[in-house]
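Shown next: upload-v2.pdb, given as PDB, C-alpha atoms and all ligand atoms.
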```pdb
ATOM      1  CA  MET A   1      -5.095  34.156 -39.597  1.00  0.00           C
ATOM      2  CA  ALA A   2      -8.294  34.773 -37.636  1.00  0.00           C
ATOM      3  CA  PRO A   3     -11.208  32.438 -38.226  1.00  0.00           C
ATOM      4  CA  THR A   4     -13.893  33.916 -40.416  1.00  0.00           C
ATOM      5  CA  THR A   5     -17.527  33.764 -39.600  1.00  0.00           C
ATOM      6  CA  PRO A   6     -20.003  33.125 -42.366  1.00  0.00           C
ATOM      7  CA  ALA A   7     -22.102  36.001 -43.535  1.00  0.00           C
ATOM      8  CA  PRO A   8     -25.554  36.039 -41.939  1.00  0.00           C
ATOM      9  CA  LEU A   9     -28.299  34.576 -44.055  1.00  0.00           C
ATOM     10  CA  PRO A  10     -30.926  37.012 -45.277  1.00  0.00           C
ATOM     11  CA  LEU A  11     -34.156  36.867 -43.317  1.00  0.00           C
ATOM     12  CA  ALA A  12     -36.288  37.506 -46.360  1.00  0.00           C
ATOM     13  CA  VAL A  13     -35.821  37.192 -50.081  1.00  0.00           C
ATOM     14  CA  ASP A  14     -37.566  39.371 -52.602  1.00  0.00           C
ATOM     15  CA  LEU A  15     -38.821  37.220 -55.451  1.00  0.00           C
ATOM     16  CA  PRO A  16     -39.497  38.865 -58.796  1.00  0.00           C
ATOM     17  CA  LEU A  17     -43.268  38.526 -58.782  1.00  0.00           C
ATOM     18  CA  ARG A  18     -43.611  41.695 -60.817  1.00  0.00           C
ATOM     19  CA  GLY A  19     -46.257  42.949 -58.450  1.00  0.00           C
ATOM     20  CA  GLY A  20     -48.723  40.118 -58.796  1.00  0.00           C
ATOM     21  CA  VAL A  21     -49.396  36.422 -58.417  1.00  0.00           C
ATOM     22  CA  VAL A  22     -48.449  34.321 -61.428  1.00  0.00           C
ATOM     23  CA  GLU A  23     -50.612  31.353 -62.378  1.00  0.00           C
ATOM     24  CA  PRO A  24     -50.438  28.707 -65.088  1.00  0.00           C
ATOM     25  CA  MET A  25     -52.748  29.155 -68.051  1.00  0.00           C
ATOM     26  CA  GLY A  26     -54.575  26.314 -69.769  1.00  0.00           C
ATOM     27  CA  VAL A  27     -54.235  25.472 -73.435  1.00  0.00           C
ATOM     28  CA  PRO A  28     -57.150  26.846 -75.501  1.00  0.00           C
ATOM     29  CA  ASP A  29     -59.308  24.056 -76.976  1.00  0.00           C
ATOM     30  CA  CYS A  30     -57.526  21.396 -74.901  1.00  0.00           C
ATOM     31  CA  GLU A  31     -58.286  18.067 -76.586  1.00  0.00           C
ATOM     32  CA  PHE A  32     -58.614  16.402 -73.183  1.00  0.00           C
ATOM     33  CA  GLY A  33     -60.996  19.009 -71.784  1.00  0.00           C
ATOM     34  CA  ASP A  34     -58.902  19.158 -68.636  1.00  0.00           C
ATOM     35  CA  CYS A  35     -57.521  22.666 -69.057  1.00  0.00           C
ATOM     36  CA  GLU A  36     -61.007  24.176 -69.201  1.00  0.00           C
ATOM     37  CA  ARG A  37     -62.261  21.959 -66.362  1.00  0.00           C
ATOM     38  CA  ILE A  38     -59.373  22.877 -64.073  1.00  0.00           C
ATOM     39  CA  GLU A  39     -59.587  26.586 -64.913  1.00  0.00           C
ATOM     40  CA  ARG A  40     -63.338  26.487 -64.237  1.00  0.00           C
ATOM     41  CA  ALA A  41     -62.714  24.880 -60.839  1.00  0.00           C
ATOM     42  CA  ARG A  42     -60.069  27.526 -60.109  1.00  0.00           C
ATOM     43  CA  ARG A  43     -62.467  30.350 -60.975  1.00  0.00           C
ATOM     44  CA  ALA A  44     -65.155  28.815 -58.737  1.00  0.00           C
ATOM     45  CA  ALA A  45     -62.681  28.454 -55.856  1.00  0.00           C
ATOM     46  CA  ARG A  46     -61.538  32.052 -56.273  1.00  0.00           C
ATOM     47  CA  ALA A  47     -65.144  33.265 -56.355  1.00  0.00           C
ATOM     48  CA  VAL A  48     -65.733  31.844 -52.865  1.00  0.00           C
ATOM     49  CA  GLY A  49     -62.325  32.932 -51.547  1.00  0.00           C
ATOM     50  CA  ASP A  50     -60.909  29.398 -51.264  1.00  0.00           C
ATOM     51  CA  LYS A  51     -57.245  30.243 -51.871  1.00  0.00           C
ATOM     52  CA  SER A  52     -56.129  26.753 -50.873  1.00  0.00           C
ATOM     53  CA  LYS A  53     -58.197  25.219 -53.657  1.00  0.00           C
ATOM     54  CA  VAL A  54     -56.993  27.885 -56.094  1.00  0.00           C
ATOM     55  CA  SER A  55     -53.443  26.802 -55.289  1.00  0.00           C
ATOM     56  CA  ASP A  56     -54.400  23.132 -55.667  1.00  0.00           C
ATOM     57  CA  CYS A  57     -55.888  23.877 -59.086  1.00  0.00           C
ATOM     58  CA  ASN A  58     -52.661  25.610 -60.117  1.00  0.00           C
ATOM     59  CA  VAL A  59     -50.643  22.532 -59.172  1.00  0.00           C
ATOM     60  CA  VAL A  60     -53.034  20.170 -60.978  1.00  0.00           C
ATOM     61  CA  LEU A  61     -52.998  22.395 -64.058  1.00  0.00           C
ATOM     62  CA  GLN A  62     -49.196  22.512 -64.074  1.00  0.00           C
ATOM     63  CA  ILE A  63     -49.048  18.703 -63.847  1.00  0.00           C
ATOM     64  CA  HIS A  64     -51.611  18.360 -66.641  1.00  0.00           C
ATOM     65  CA  LEU A  65     -49.744  20.834 -68.864  1.00  0.00           C
ATOM     66  CA  SER A  66     -46.529  18.939 -68.351  1.00  0.00           C
ATOM     67  CA  ALA A  67     -47.971  15.428 -68.732  1.00  0.00           C
ATOM     68  CA  SER A  68     -50.528  15.978 -71.489  1.00  0.00           C
ATOM     69  CA  HIS A  69     -49.216  18.925 -73.459  1.00  0.00           C
ATOM     70  CA  ALA A  70     -45.468  18.432 -72.897  1.00  0.00           C
ATOM     71  CA  ILE A  71     -45.250  22.011 -71.677  1.00  0.00           C
ATOM     72  CA  GLY A  72     -42.389  21.905 -69.214  1.00  0.00           C
ATOM     73  CA  VAL A  73     -42.265  25.589 -68.480  1.00  0.00           C
ATOM     74  CA  VAL A  74     -45.832  26.646 -68.036  1.00  0.00           C
ATOM     75  CA  ARG A  75     -47.215  29.697 -69.695  1.00  0.00           C
ATOM     76  CA  CYS A  76     -48.456  32.025 -67.016  1.00  0.00           C
ATOM     77  CA  PHE A  77     -50.518  35.122 -66.609  1.00  0.00           C
ATOM     78  CA  GLU A  78     -50.482  37.710 -63.883  1.00  0.00           C
ATOM     79  CA  LEU A  79     -53.499  38.455 -61.779  1.00  0.00           C
TER      80      LEU A  79
HETATM   81 ZN    ZN B   1     -55.102  20.502 -71.452  1.00  0.00          ZN
END
```

As structure tokens, please, write out the structure in this file.
Amino acid sequence: MAPTTPAPLPLAVDLPLRGGVVEPMGVPDCEFGDCERIERARRAARAVGDKSKVSDCNVVLQIHLSASHAIGVVRCFEL
């Protein structure tokens, strides 16, 4: 039997982004005030085109949602 070669790995993978970027969404009336604060910082970063800070805010918001609201799978919205 001839040796088999593994199938080549794909060079790119299409992820189901549904045509837009998905971001976590804060809890309305967050009792800690963090959801609103983080979303405000994200809006300010986006307004000046600081995509790195927008991404940082998304990570911080996801951590906050998980730690403070016990939301393991974040609710998201599309841009
Ligand atoms: Zn919150």

Expand the PyMOL selection byres (((not hetatm)) within 7 of (chain B and resi 1)) into the explicit residue set it covers here, and present it as a PDB file with C-alpha atoms, in the frame of the given file.
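Printed below is expr09.pdb as written:
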```pdb
ATOM      1  CA  GLY A  26     -54.575  26.314 -69.769  1.00  0.00           C
ATOM      2  CA  VAL A  27     -54.235  25.472 -73.435  1.00  0.00           C
ATOM      3  CA  CYS A  30     -57.526  21.396 -74.901  1.00  0.00           C
ATOM      4  CA  GLU A  31     -58.286  18.067 -76.586  1.00  0.00           C
ATOM      5  CA  PHE A  32     -58.614  16.402 -73.183  1.00  0.00           C
ATOM      6  CA  GLY A  33     -60.996  19.009 -71.784  1.00  0.00           C
ATOM      7  CA  ASP A  34     -58.902  19.158 -68.636  1.00  0.00           C
ATOM      8  CA  CYS A  35     -57.521  22.666 -69.057  1.00  0.00           C
ATOM      9  CA  HIS A  64     -51.611  18.360 -66.641  1.00  0.00           C
ATOM     10  CA  LEU A  65     -49.744  20.834 -68.864  1.00  0.00           C
ATOM     11  CA  SER A  68     -50.528  15.978 -71.489  1.00  0.00           C
ATOM     12  CA  HIS A  69     -49.216  18.925 -73.459  1.00  0.00           C
TER      13      HIS A  69
END
```

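Taking only C-alpha atoms, the non-local environment of Ser55 of chain A within 10 Å (same-chain residues fewer than 3 positions away omitted) comprises Glu23, Arg42, Ala45, Arg46, Asp50, Lys51, Ser52, Asn58, Val59, Val60 and Leu61 of chain A.
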
Measure the distance from atom CA of Cys57 of chain A to atom CA of Ile38 of chain A in Å and round it to one decimal.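 One can read the atom CA of Cys57 of chain A to atom CA of Ile38 of chain A distance as 6.2 Å.
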
In Å, with one decimal, what is the gap from atom CA of Ala70 of chain A to atom CA of Lys53 of chain A? 24.0 Å

Rounded to one decimal place, report the atom CA of Ser66 of chain A-atom CA of Glu36 of chain A distance in Å.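 Going from atom CA of Ser66 of chain A over to atom CA of Glu36 of chain A covers 15.4 Å.
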